[in-house]
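Source file: query13.cif; contents: mmCIF, C-alpha atoms.
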```
data_input
#
loop_
_atom_site.group_PDB
_atom_site.id
_atom_site.type_symbol
_atom_site.label_atom_id
_atom_site.label_comp_id
_atom_site.auth_asym_id
_atom_site.auth_seq_id
_atom_site.Cartn_x
_atom_site.Cartn_y
_atom_site.Cartn_z
ATOM 1 C CA MET A 1 -70.051 -64.567 -7.294
ATOM 2 C CA ASP A 2 -70.948 -67.928 -5.819
ATOM 3 C CA LYS A 3 -73.758 -66.762 -3.518
ATOM 4 C CA ILE A 4 -74.588 -70.225 -2.197
ATOM 5 C CA GLN A 5 -71.056 -70.820 -0.971
ATOM 6 C CA ASN A 6 -70.515 -67.296 0.349
ATOM 7 C CA GLU A 7 -70.550 -68.294 4.017
ATOM 8 C CA GLY A 8 -68.154 -67.794 6.913
ATOM 9 C CA SER A 9 -66.403 -71.129 6.381
ATOM 10 C CA VAL A 10 -65.600 -70.123 2.805
ATOM 11 C CA HIS A 11 -64.210 -66.795 4.047
ATOM 12 C CA ASN A 12 -61.917 -68.650 6.451
ATOM 13 C CA GLN A 13 -60.612 -70.727 3.549
ATOM 14 C CA SER A 14 -60.135 -67.568 1.443
ATOM 15 C CA ILE A 15 -58.112 -66.034 4.275
ATOM 16 C CA GLU A 16 -55.915 -69.137 4.381
ATOM 17 C CA SER A 17 -55.405 -68.810 0.621
ATOM 18 C CA VAL A 18 -54.036 -65.288 1.083
ATOM 19 C CA GLU A 19 -51.873 -66.399 4.016
ATOM 20 C CA ALA A 20 -50.416 -69.243 1.945
ATOM 21 C CA LEU A 21 -49.159 -66.674 -0.574
ATOM 22 C CA THR A 22 -47.909 -64.013 1.865
ATOM 23 C CA LYS A 23 -46.647 -66.389 4.594
ATOM 24 C CA ARG A 24 -48.198 -63.973 7.100
ATOM 25 C CA ASN A 25 -51.147 -64.074 9.521
ATOM 26 C CA LEU A 26 -54.220 -62.221 8.262
ATOM 27 C CA VAL A 27 -57.228 -60.530 9.910
ATOM 28 C CA VAL A 28 -60.048 -58.936 7.908
ATOM 29 C CA TYR A 29 -61.991 -55.776 8.817
ATOM 30 C CA GLU A 30 -64.744 -55.163 6.252
ATOM 31 C CA SER A 31 -67.298 -52.333 6.567
ATOM 32 C CA PHE A 32 -70.658 -51.764 4.881
ATOM 33 C CA PHE A 33 -70.149 -48.164 3.729
ATOM 34 C CA SER A 34 -73.874 -47.348 3.513
ATOM 35 C CA HIS A 35 -74.639 -48.587 7.028
ATOM 36 C CA PRO A 36 -74.834 -45.787 9.662
ATOM 37 C CA ALA A 37 -72.780 -47.916 12.065
ATOM 38 C CA GLY A 38 -70.204 -48.916 9.453
ATOM 39 C CA ILE A 39 -67.572 -46.400 10.562
ATOM 40 C CA ILE A 40 -64.520 -47.134 12.715
ATOM 41 C CA ASP A 41 -65.562 -46.729 16.343
ATOM 42 C CA ASP A 42 -65.342 -48.369 19.766
ATOM 43 C CA PRO A 43 -65.055 -51.279 20.398
ATOM 44 C CA ASP A 44 -63.561 -52.302 17.030
ATOM 45 C CA ASP A 45 -60.127 -52.819 18.592
ATOM 46 C CA ASN A 46 -61.683 -55.315 21.038
ATOM 47 C CA TRP A 47 -63.275 -57.316 18.210
ATOM 48 C CA ILE A 48 -59.920 -57.509 16.451
ATOM 49 C CA GLU A 49 -58.224 -58.648 19.642
ATOM 50 C CA ARG A 50 -60.831 -61.377 20.130
ATOM 51 C CA LEU A 51 -59.887 -62.755 16.738
ATOM 52 C CA LEU A 52 -56.173 -62.459 17.453
ATOM 53 C CA THR A 53 -56.562 -64.445 20.677
ATOM 54 C CA SER A 54 -58.569 -67.117 18.870
ATOM 55 C CA VAL A 55 -56.114 -67.871 16.073
ATOM 56 C CA ASP A 56 -52.747 -69.620 16.173
ATOM 57 C CA LEU A 57 -50.392 -66.760 15.334
ATOM 58 C CA THR A 58 -47.333 -69.030 15.595
ATOM 59 C CA LYS A 59 -48.224 -70.400 12.152
ATOM 60 C CA HIS A 60 -46.584 -67.275 10.681
ATOM 61 C CA LYS A 61 -44.754 -66.118 13.786
ATOM 62 C CA GLY A 62 -44.241 -62.401 14.368
ATOM 63 C CA THR A 63 -46.328 -61.282 11.382
ATOM 64 C CA LEU A 64 -49.756 -59.722 10.951
ATOM 65 C CA ASP A 65 -51.619 -58.287 7.984
ATOM 66 C CA LEU A 66 -54.865 -56.349 8.468
ATOM 67 C CA LEU A 67 -57.022 -56.302 5.349
ATOM 68 C CA ILE A 68 -59.275 -53.275 5.776
ATOM 69 C CA ASN A 69 -62.089 -51.784 3.722
ATOM 70 C CA SER A 70 -63.640 -48.849 5.607
ATOM 71 C CA PRO A 71 -64.924 -45.269 5.122
ATOM 72 C CA GLY A 72 -63.052 -44.198 8.278
ATOM 73 C CA GLY A 73 -64.313 -42.864 11.586
ATOM 74 C CA ASN A 74 -62.891 -42.213 15.044
ATOM 75 C CA PRO A 75 -59.121 -41.463 15.140
ATOM 76 C CA THR A 76 -58.897 -42.594 18.778
ATOM 77 C CA THR A 77 -60.190 -46.043 17.824
ATOM 78 C CA ALA A 78 -57.813 -46.068 14.847
ATOM 79 C CA GLU A 79 -54.902 -45.601 17.247
ATOM 80 C CA LYS A 80 -56.206 -48.405 19.476
ATOM 81 C CA ILE A 81 -56.367 -50.726 16.468
ATOM 82 C CA ILE A 82 -52.754 -49.877 15.578
ATOM 83 C CA LEU A 83 -51.628 -50.579 19.147
ATOM 84 C CA THR A 84 -53.618 -53.817 19.347
ATOM 85 C CA CYS A 85 -52.262 -55.176 16.073
ATOM 86 C CA ARG A 86 -48.694 -54.204 16.934
ATOM 87 C CA SER A 87 -48.920 -55.867 20.344
ATOM 88 C CA TYR A 88 -49.439 -59.211 18.560
ATOM 89 C CA ALA A 89 -46.769 -58.898 15.859
ATOM 90 C CA ASP A 90 -43.272 -57.620 15.180
ATOM 91 C CA SER A 91 -44.110 -56.968 11.524
ATOM 92 C CA PHE A 92 -47.459 -55.291 10.792
ATOM 93 C CA ARG A 93 -48.843 -54.463 7.354
ATOM 94 C CA VAL A 94 -52.177 -53.108 6.119
ATOM 95 C CA ILE A 95 -53.742 -54.515 2.945
ATOM 96 C CA VAL A 96 -56.194 -52.254 1.099
ATOM 97 C CA PRO A 97 -58.294 -54.194 -1.449
ATOM 98 C CA SER A 98 -60.592 -51.303 -2.344
ATOM 99 C CA SER A 99 -60.952 -48.276 -0.038
ATOM 100 C CA ALA A 100 -59.448 -47.303 3.327
ATOM 101 C CA MET A 101 -60.375 -43.687 3.964
ATOM 102 C CA SER A 102 -59.981 -41.198 6.824
ATOM 103 C CA ALA A 103 -59.265 -43.118 10.065
ATOM 104 C CA ALA A 104 -58.643 -46.262 8.001
ATOM 105 C CA THR A 105 -55.824 -44.361 6.277
ATOM 106 C CA LEU A 106 -54.527 -43.519 9.763
ATOM 107 C CA ILE A 107 -54.411 -47.238 10.575
ATOM 108 C CA ALA A 108 -52.475 -47.823 7.361
ATOM 109 C CA MET A 109 -50.020 -45.094 8.377
ATOM 110 C CA GLY A 110 -49.424 -46.978 11.622
ATOM 111 C CA SER A 111 -48.176 -50.051 9.755
ATOM 112 C CA ASP A 112 -44.725 -50.918 8.430
ATOM 113 C CA ALA A 113 -45.990 -51.016 4.848
ATOM 114 C CA ILE A 114 -49.250 -50.634 2.937
ATOM 115 C CA VAL A 115 -50.180 -53.266 0.344
ATOM 116 C CA MET A 116 -52.697 -52.071 -2.260
ATOM 117 C CA THR A 117 -54.382 -53.450 -5.352
ATOM 118 C CA PRO A 118 -53.915 -51.237 -8.435
ATOM 119 C CA THR A 119 -57.421 -49.762 -8.030
ATOM 120 C CA ALA A 120 -57.366 -49.474 -4.223
ATOM 121 C CA GLU A 121 -57.393 -46.072 -2.576
ATOM 122 C CA ILE A 122 -56.567 -44.363 0.682
ATOM 123 C CA GLY A 123 -57.475 -40.749 1.395
ATOM 124 C CA PRO A 124 -57.192 -37.581 3.470
ATOM 125 C CA ILE A 125 -56.964 -38.215 7.222
ATOM 126 C CA ASP A 126 -59.688 -35.749 8.188
ATOM 127 C CA PRO A 127 -61.873 -37.795 10.611
ATOM 128 C CA GLN A 128 -65.462 -38.798 9.921
ATOM 129 C CA MET A 129 -67.639 -37.263 12.652
ATOM 130 C CA ARG A 130 -71.048 -38.762 13.443
ATOM 131 C CA MET A 131 -73.744 -36.523 14.924
ATOM 132 C CA GLN A 132 -77.113 -37.627 16.259
ATOM 133 C CA THR A 133 -80.043 -35.664 14.795
ATOM 134 C CA PRO A 134 -83.840 -36.044 15.134
ATOM 135 C CA GLN A 135 -83.737 -37.714 11.714
ATOM 136 C CA GLY A 136 -81.003 -40.142 12.786
ATOM 137 C CA PRO A 137 -77.173 -40.128 12.803
ATOM 138 C CA ILE A 138 -75.335 -38.320 10.030
ATOM 139 C CA SER A 139 -71.613 -38.552 9.221
ATOM 140 C CA ARG A 140 -69.523 -35.750 7.777
ATOM 141 C CA SER A 141 -65.813 -35.009 7.741
ATOM 142 C CA ALA A 142 -64.565 -32.824 10.594
ATOM 143 C CA ALA A 143 -63.449 -30.203 8.080
ATOM 144 C CA ALA A 144 -66.958 -30.066 6.577
ATOM 145 C CA TRP A 145 -68.500 -29.262 9.980
ATOM 146 C CA VAL A 146 -65.856 -26.623 10.749
ATOM 147 C CA ASP A 147 -66.041 -25.044 7.282
ATOM 148 C CA ALA A 148 -69.841 -24.845 7.438
ATOM 149 C CA TYR A 149 -69.682 -23.100 10.824
ATOM 150 C CA ARG A 150 -67.026 -20.629 9.703
ATOM 151 C CA ASP A 151 -68.911 -19.912 6.477
ATOM 152 C CA LEU A 152 -72.106 -19.064 8.376
ATOM 153 C CA VAL A 153 -70.196 -16.829 10.816
ATOM 154 C CA ASN A 154 -68.532 -14.985 7.935
ATOM 155 C CA LYS A 155 -71.817 -14.529 6.092
ATOM 156 C CA MET A 156 -73.544 -13.235 9.225
ATOM 157 C CA GLN A 157 -70.728 -10.747 9.858
ATOM 158 C CA GLN A 158 -70.786 -9.634 6.218
ATOM 159 C CA ALA A 159 -74.542 -9.130 6.373
ATOM 160 C CA ILE A 160 -74.130 -6.878 9.423
ATOM 161 C CA VAL A 161 -71.416 -4.858 7.636
ATOM 162 C CA ASN A 162 -73.691 -4.486 4.601
ATOM 163 C CA GLN A 163 -76.610 -3.518 6.878
ATOM 164 C CA GLN A 164 -78.569 -6.582 5.789
ATOM 165 C CA PRO A 165 -80.623 -8.913 8.032
ATOM 166 C CA PRO A 166 -78.236 -11.426 9.680
ATOM 167 C CA HIS A 167 -81.104 -13.472 11.130
ATOM 168 C CA PRO A 168 -81.151 -16.299 8.514
ATOM 169 C CA TYR A 169 -77.492 -17.082 9.249
ATOM 170 C CA ALA A 170 -77.981 -16.711 12.999
ATOM 171 C CA GLU A 171 -80.833 -19.243 12.878
ATOM 172 C CA MET A 172 -78.660 -21.763 11.051
ATOM 173 C CA LEU A 173 -75.797 -21.171 13.495
ATOM 174 C CA ARG A 174 -78.079 -22.055 16.399
ATOM 175 C CA LYS A 175 -78.355 -25.534 14.913
ATOM 176 C CA LEU A 176 -74.561 -25.985 15.040
ATOM 177 C CA ASP A 177 -73.362 -26.428 18.610
ATOM 178 C CA PRO A 178 -70.061 -24.514 19.077
ATOM 179 C CA SER A 179 -68.828 -27.254 21.397
ATOM 180 C CA TRP A 180 -69.329 -29.779 18.574
ATOM 181 C CA ILE A 181 -67.151 -27.623 16.330
ATOM 182 C CA GLN A 182 -64.449 -27.727 19.023
ATOM 183 C CA VAL A 183 -64.739 -31.524 19.085
ATOM 184 C CA CYS A 184 -64.244 -31.578 15.302
ATOM 185 C CA LEU A 185 -61.191 -29.300 15.514
ATOM 186 C CA LYS A 186 -59.624 -31.458 18.222
ATOM 187 C CA ALA A 187 -60.344 -34.619 16.209
ATOM 188 C CA ARG A 188 -58.430 -33.134 13.267
ATOM 189 C CA GLN A 189 -55.517 -32.233 15.521
ATOM 190 C CA LEU A 190 -55.536 -35.734 17.005
ATOM 191 C CA ALA A 191 -55.534 -37.356 13.553
ATOM 192 C CA GLU A 192 -52.532 -35.244 12.558
ATOM 193 C CA LYS A 193 -50.652 -36.187 15.750
ATOM 194 C CA ILE A 194 -51.430 -39.912 15.432
ATOM 195 C CA ALA A 195 -50.233 -39.938 11.824
ATOM 196 C CA ALA A 196 -47.008 -38.120 12.666
ATOM 197 C CA ASP A 197 -46.254 -40.172 15.792
ATOM 198 C CA TYR A 198 -46.698 -43.614 14.217
ATOM 199 C CA LEU A 199 -45.058 -42.772 10.911
ATOM 200 C CA HIS A 200 -42.013 -41.555 12.859
ATOM 201 C CA LYS A 201 -41.957 -44.712 15.016
ATOM 202 C CA HIS A 202 -42.441 -47.250 12.247
ATOM 203 C CA MET A 203 -42.935 -46.710 8.514
ATOM 204 C CA LEU A 204 -40.724 -43.598 8.333
ATOM 205 C CA LYS A 205 -38.373 -44.509 11.156
ATOM 206 C CA GLY A 206 -35.089 -42.665 10.701
ATOM 207 C CA HIS A 207 -36.687 -39.689 8.963
ATOM 208 C CA THR A 208 -36.565 -36.268 10.603
ATOM 209 C CA PRO A 209 -39.713 -34.872 12.289
ATOM 210 C CA GLU A 210 -39.827 -32.239 9.539
ATOM 211 C CA GLU A 211 -39.806 -34.883 6.810
ATOM 212 C CA VAL A 212 -42.554 -36.840 8.535
ATOM 213 C CA GLN A 213 -44.660 -33.712 9.001
ATOM 214 C CA GLU A 214 -44.325 -32.974 5.283
ATOM 215 C CA VAL A 215 -45.795 -36.404 4.503
ATOM 216 C CA VAL A 216 -48.677 -35.847 6.944
ATOM 217 C CA LYS A 217 -49.320 -32.415 5.418
ATOM 218 C CA HIS A 218 -50.115 -34.036 2.058
ATOM 219 C CA PHE A 219 -52.884 -36.092 3.648
ATOM 220 C CA LEU A 220 -54.362 -33.062 5.411
ATOM 221 C CA THR A 221 -54.237 -30.550 2.554
ATOM 222 C CA GLU A 222 -55.574 -33.104 0.053
ATOM 223 C CA GLY A 223 -58.885 -32.999 1.905
ATOM 224 C CA GLU A 224 -58.819 -29.260 2.619
ATOM 225 C CA GLU A 225 -58.099 -28.195 -0.959
ATOM 226 C CA PHE A 226 -60.166 -30.785 -2.772
ATOM 227 C CA ALA A 227 -62.639 -33.402 -1.532
ATOM 228 C CA HIS A 228 -62.529 -35.399 1.691
ATOM 229 C CA GLY A 229 -63.108 -38.632 -0.222
ATOM 230 C CA ARG A 230 -60.627 -37.918 -3.027
ATOM 231 C CA ALA A 231 -58.796 -41.079 -4.031
ATOM 232 C CA ILE A 232 -55.085 -41.460 -3.343
ATOM 233 C CA ARG A 233 -53.909 -44.572 -5.144
ATOM 234 C CA SER A 234 -50.651 -46.440 -4.653
ATOM 235 C CA GLU A 235 -48.473 -44.354 -6.985
ATOM 236 C CA LYS A 236 -49.523 -41.053 -5.421
ATOM 237 C CA ALA A 237 -49.204 -42.502 -1.896
ATOM 238 C CA ARG A 238 -45.586 -43.404 -2.723
ATOM 239 C CA GLN A 239 -45.008 -39.903 -4.120
ATOM 240 C CA TYR A 240 -46.319 -38.510 -0.838
ATOM 241 C CA GLY A 241 -43.671 -40.531 1.016
ATOM 242 C CA LEU A 242 -45.419 -43.678 2.267
ATOM 243 C CA THR A 243 -44.053 -47.203 1.914
ATOM 244 C CA VAL A 244 -46.499 -48.849 -0.483
ATOM 245 C CA GLU A 245 -46.449 -52.166 -2.335
ATOM 246 C CA THR A 246 -48.792 -52.618 -5.302
ATOM 247 C CA ILE A 247 -50.151 -56.108 -5.945
ATOM 248 C CA GLU A 248 -49.742 -56.983 -9.613
ATOM 249 C CA GLN A 249 -53.130 -57.219 -11.280
ATOM 250 C CA GLY A 250 -53.909 -60.786 -12.316
ATOM 251 C CA SER A 251 -51.289 -62.298 -9.996
ATOM 252 C CA PRO A 252 -52.274 -65.139 -7.624
ATOM 253 C CA LEU A 253 -52.188 -62.744 -4.661
ATOM 254 C CA TRP A 254 -54.386 -60.237 -6.485
ATOM 255 C CA VAL A 255 -56.928 -62.967 -7.270
ATOM 256 C CA ALA A 256 -56.911 -64.162 -3.646
ATOM 257 C CA VAL A 257 -57.253 -60.670 -2.125
ATOM 258 C CA VAL A 258 -59.937 -59.481 -4.558
ATOM 259 C CA THR A 259 -61.923 -62.699 -4.122
ATOM 260 C CA LEU A 260 -61.786 -62.452 -0.324
ATOM 261 C CA HIS A 261 -62.842 -58.800 -0.364
ATOM 262 C CA ALA A 262 -65.681 -59.410 -2.852
ATOM 263 C CA ARG A 263 -67.080 -62.276 -0.796
ATOM 264 C CA CYS A 264 -66.921 -60.335 2.492
ATOM 265 C CA GLU A 265 -68.444 -57.228 0.919
ATOM 266 C CA HIS A 266 -71.300 -59.225 -0.595
ATOM 267 C CA TYR A 267 -71.802 -61.051 2.706
ATOM 268 C CA LEU A 268 -72.248 -57.706 4.523
ATOM 269 C CA GLN A 269 -74.564 -56.168 1.955
ATOM 270 C CA THR A 270 -76.909 -59.134 1.616
ATOM 271 C CA ARG A 271 -77.271 -59.524 5.397
ATOM 272 C CA GLY A 272 -77.346 -55.830 6.313
ATOM 273 C CA HIS A 273 -74.482 -56.078 8.818
ATOM 274 C CA ALA A 274 -72.477 -52.950 9.645
ATOM 275 C CA LYS A 275 -69.057 -54.630 9.951
ATOM 276 C CA TYR A 276 -67.438 -58.005 9.594
ATOM 277 C CA PHE A 277 -64.230 -59.162 11.283
ATOM 278 C CA ALA A 278 -62.686 -62.466 10.246
ATOM 279 C CA CYS A 279 -59.596 -64.638 10.475
ATOM 280 C CA ARG A 280 -58.828 -68.222 9.488
ATOM 281 C CA SER A 281 -60.483 -69.544 12.672
ATOM 282 C CA GLY A 282 -63.790 -67.656 12.471
ATOM 283 C CA GLY A 283 -65.581 -64.331 12.181
ATOM 284 C CA ILE A 284 -67.636 -61.719 14.030
ATOM 285 C CA ASN A 285 -70.668 -59.889 12.598
ATOM 286 C CA ILE A 286 -71.620 -56.446 13.926
ATOM 287 C CA SER A 287 -75.241 -55.405 13.397
ATOM 288 C CA VAL A 288 -76.660 -52.230 14.886
ATOM 289 C CA LYS A 289 -80.244 -51.120 14.404
ATOM 290 C CA GLN A 290 -81.284 -47.489 14.882
ATOM 291 C CA MET A 291 -83.759 -46.935 17.696
ATOM 292 C CA GLN A 292 -85.759 -43.741 18.034
ATOM 293 C CA ILE A 293 -86.215 -42.668 21.658
ATOM 294 C CA SER A 294 -89.276 -40.515 22.280
#
```
Write the structure described by the file as structure tokens, please.
Amino acid sequence: MDKIQNEGSVHNQSIESVEALTKRNLVVYESFFSHPAGIIDDPDDNWIERLLTSVDLTKHKGTLDLLINSPGGNPTTAEKIILTCRSYADSFRVIVPSSAMSAATLIAMGSDAIVMTPTAEIGPIDPQMRMQTPQGPISRSAAAWVDAYRDLVNKMQQAIVNQQPPHPYAEMLRKLDPSWIQVCLKARQLAEKIAADYLHKHMLKGHTPEEVQEVVKHFLTEGEEFAHGRAIRSEKARQYGLTVETIEQGSPLWVAVVTLHARCEHYLQTRGHAKYFACRSGGINISVKQMQIS
């Protein structure tokens, strides 16, 4: 890693290197996974649009690739990003250099095709939900919040049946707002609907609603039966029914994509930014510091 040269101008050149190989316009959305503000959320779609209005899209007319590396987040924002990208291009692809989970997988499902490196992964579409606590914001999958609530309810009911003290479970339940659980349930339903709607309109156009729903089911049950962050690599994504292209390892495009991702990732981590958006004409850093209000 050439740390000295790892600046925005070098990223712009790296983006042009990828574009020269794909003959398509490219925008980058890189997240710092460990940053509390690194998830997909408002106004990410606005930042992407600012880049799209700043770059000459006629260079590769009608095309747009979104290179995304993100742990996921808000499904509503994911849908906005899909709509924004599609409003600027007739052909829209998502490139995954490393990891596009949760709502980032939703964005990929809203494209015409997903382009992945051999080691890249997408995942279950269960949304990442961020809750504010006295100790600061914490992010968990929607299913994790719902499962924890249901588990406590079941244990409390079982304790009552067994004539045991239910108070420990009742105390823990008081810390989980029922309205928050409803928000999590609705977020899961929204993610499922967004995936089905956009797959039917674009990537799986011509397939029956039942066939599309079967594809979506894979990306819901994968998280329910196993782990929310379980990796789904290109071969499995194709088996599940998505249109996926795998970049050949060692090819010029692989070198260009991996180099661009590595530079942007290192840029975020060394500067402590939450997110980084970039195109050939420039970039936008997003830095959010936690503030405790007393």
Subject >> Residue contacts of Ala256 (chain A) (12 Å, all atoms listed in the file) excluding same-chain residues fewer than 2 positions away, as a PyMOL selection string >> reply: chain A and resi 11+13-22+67+97+117+247-254+258-263
Atoms to include: C-alpha atoms. Write the selected residues as a PDB file, keeping the file's coordinate frame.
```pdb
ATOM      1  CA  HIS A  11     -64.210 -66.795   4.047  1.00  0.00           C
ATOM      2  CA  GLN A  13     -60.612 -70.727   3.549  1.00  0.00           C
ATOM      3  CA  SER A  14     -60.135 -67.568   1.443  1.00  0.00           C
ATOM      4  CA  ILE A  15     -58.112 -66.034   4.275  1.00  0.00           C
ATOM      5  CA  GLU A  16     -55.915 -69.137   4.381  1.00  0.00           C
ATOM      6  CA  SER A  17     -55.405 -68.810   0.621  1.00  0.00           C
ATOM      7  CA  VAL A  18     -54.036 -65.288   1.083  1.00  0.00           C
ATOM      8  CA  GLU A  19     -51.873 -66.399   4.016  1.00  0.00           C
ATOM      9  CA  ALA A  20     -50.416 -69.243   1.945  1.00  0.00           C
ATOM     10  CA  LEU A  21     -49.159 -66.674  -0.574  1.00  0.00           C
ATOM     11  CA  THR A  22     -47.909 -64.013   1.865  1.00  0.00           C
ATOM     12  CA  LEU A  67     -57.022 -56.302   5.349  1.00  0.00           C
ATOM     13  CA  PRO A  97     -58.294 -54.194  -1.449  1.00  0.00           C
ATOM     14  CA  THR A 117     -54.382 -53.450  -5.352  1.00  0.00           C
ATOM     15  CA  ILE A 247     -50.151 -56.108  -5.945  1.00  0.00           C
ATOM     16  CA  GLU A 248     -49.742 -56.983  -9.613  1.00  0.00           C
ATOM     17  CA  GLN A 249     -53.130 -57.219 -11.280  1.00  0.00           C
ATOM     18  CA  GLY A 250     -53.909 -60.786 -12.316  1.00  0.00           C
ATOM     19  CA  SER A 251     -51.289 -62.298  -9.996  1.00  0.00           C
ATOM     20  CA  PRO A 252     -52.274 -65.139  -7.624  1.00  0.00           C
ATOM     21  CA  LEU A 253     -52.188 -62.744  -4.661  1.00  0.00           C
ATOM     22  CA  TRP A 254     -54.386 -60.237  -6.485  1.00  0.00           C
ATOM     23  CA  VAL A 258     -59.937 -59.481  -4.558  1.00  0.00           C
ATOM     24  CA  THR A 259     -61.923 -62.699  -4.122  1.00  0.00           C
ATOM     25  CA  LEU A 260     -61.786 -62.452  -0.324  1.00  0.00           C
ATOM     26  CA  HIS A 261     -62.842 -58.800  -0.364  1.00  0.00           C
ATOM     27  CA  ALA A 262     -65.681 -59.410  -2.852  1.00  0.00           C
ATOM     28  CA  ARG A 263     -67.080 -62.276  -0.796  1.00  0.00           C
TER      29      ARG A 263
END
```
Subject >> Separation of CA of Asp44 (chain A) from CA of Leu64 (chain A), in Å and rounded to one decimal >> reply: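 The value is 16.8 Å.
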Closest atom pairs, region 102-150 of chain A residues within 10 Å of region 237-246 of chain A, all atoms listed in the file, as CSV:
```
residue,atom,partner,partner_atom,distance
A:Ala108,CA,A:Leu242,CA,9.6
A:Met109,CA,A:Leu242,CA,7.8
A:Ser111,CA,A:Thr243,CA,9.3
A:Asp112,CA,A:Thr243,CA,7.5
A:Ala113,CA,A:Thr243,CA,5.2
A:Ile114,CA,A:Val244,CA,4.7
A:Val115,CA,A:Glu245,CA,4.7
A:Met116,CA,A:Thr246,CA,5.0
A:Thr117,CA,A:Thr246,CA,5.7
A:Pro118,CA,A:Thr246,CA,6.2
A:Thr119,CA,A:Thr246,CA,9.5
A:Ala120,CA,A:Thr246,CA,9.2
A:Glu121,CA,A:Ala237,CA,9.0
A:Ile122,CA,A:Ala237,CA,8.0
A:Gly123,CA,A:Ala237,CA,9.1
```
**OP:** I would like the residues chosen by the PyMOL selection byres ((chain A and resi 213) around 10) on the shown file; could you give them as a list in words?
**Re:** Glu192, Lys193, Ala195, Ala196, Asp197, Leu199, His200, His207, Thr208, Pro209, Glu210, Glu211, Val212, Glu214, Val215, Val216, Lys217 and His218 of chain A
Store the residues of this selection in a file with C-alpha atoms, as a PDB file, in the coordinates of the input.
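See result-v1.pdb below for the written result:
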```pdb
ATOM      1  CA  GLU A 192     -52.532 -35.244  12.558  1.00  0.00           C
ATOM      2  CA  LYS A 193     -50.652 -36.187  15.750  1.00  0.00           C
ATOM      3  CA  ALA A 195     -50.233 -39.938  11.824  1.00  0.00           C
ATOM      4  CA  ALA A 196     -47.008 -38.120  12.666  1.00  0.00           C
ATOM      5  CA  ASP A 197     -46.254 -40.172  15.792  1.00  0.00           C
ATOM      6  CA  LEU A 199     -45.058 -42.772  10.911  1.00  0.00           C
ATOM      7  CA  HIS A 200     -42.013 -41.555  12.859  1.00  0.00           C
ATOM      8  CA  HIS A 207     -36.687 -39.689   8.963  1.00  0.00           C
ATOM      9  CA  THR A 208     -36.565 -36.268  10.603  1.00  0.00           C
ATOM     10  CA  PRO A 209     -39.713 -34.872  12.289  1.00  0.00           C
ATOM     11  CA  GLU A 210     -39.827 -32.239   9.539  1.00  0.00           C
ATOM     12  CA  GLU A 211     -39.806 -34.883   6.810  1.00  0.00           C
ATOM     13  CA  VAL A 212     -42.554 -36.840   8.535  1.00  0.00           C
ATOM     14  CA  GLU A 214     -44.325 -32.974   5.283  1.00  0.00           C
ATOM     15  CA  VAL A 215     -45.795 -36.404   4.503  1.00  0.00           C
ATOM     16  CA  VAL A 216     -48.677 -35.847   6.944  1.00  0.00           C
ATOM     17  CA  LYS A 217     -49.320 -32.415   5.418  1.00  0.00           C
ATOM     18  CA  HIS A 218     -50.115 -34.036   2.058  1.00  0.00           C
TER      19      HIS A 218
END
```
Subject >> Pairwise distance for CA of Asp126 (chain A) and CA of Phe32 (chain A), rounded to one decimal in Å >> reply: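 Distance reported for this atom pair: 19.7 Å.
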**OP:** Kindly give the distance, in Å, that separates CA of Phe33 (chain A) and CA of Gly136 (chain A), rounded to a single decimal.
**Re:** 16.3 Å
Subject >> Test item: residues at most 9 Å from Thr84 (chain A), all atoms listed in the file, excluding those fewer than 2 positions along its chain, as an MDAnalysis selection string >> reply: chainID A and resid 45:46 48:49 79:82 86:88
**OP:** Specify as a list in words each residue included when the PyMOL selection byres ((chain A and resi 266) around 12) is applied to this file.
**Re:**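 Applied to this file, the PyMOL selection byres ((chain A and resi 266) around 12) returns Met1, Asp2, Lys3, Ile4, Gln5, Asn6, Glu7, Gly8, His11, Glu30, Ser31, Phe32, Phe33, Thr259, Leu260, His261, Ala262, Arg263, Cys264, Glu265, Tyr267, Leu268, Gln269, Thr270, Arg271, Gly272, His273, Lys275 and Tyr276 of chain A.
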Original post:
A:Ile40, A:Met131, A:Ser91, A:Ser54: which is nearest Ala104 (chain A), counting all atoms listed in the file?
Top reply: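 Among the listed residues, the smallest separation from Ala104 (chain A) belongs to A:Ile40.
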Subject >> From A:Arg130, A:His35, A:His167, A:Lys201, residue lying nearest Trp180 (chain A) [only C-alpha atoms] >> reply: A:Arg130
Subject >> Output check: residues returned by the PyMOL selection byres ((chain A and resi 152-160) around 12), as a ChimeraX atom specification >> reply: /A:145-151,161-176,178
Subject >> Residue nearest Lys59 (chain A) among A:Leu26, A:Ala143, A:Ala78, A:Leu83 (counting all atoms listed in the file) >> reply: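 Closest residue, counting all atoms listed in the file: A:Leu26.
Distances to Asn74 (chain A) were evaluated for A:Leu52, A:Val255, A:Ile125, A:Ile286 using all atoms listed in the file, and the minimum falls at A:Ile125.
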**OP:** Pick out the closest residue to Thr105 (chain A) from this set: A:Ala278, A:Val27, A:Ile68, A:Met203. Count only C-alpha atoms.
**Re:**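 So, comparing all the options, the nearest one is A:Ile68.
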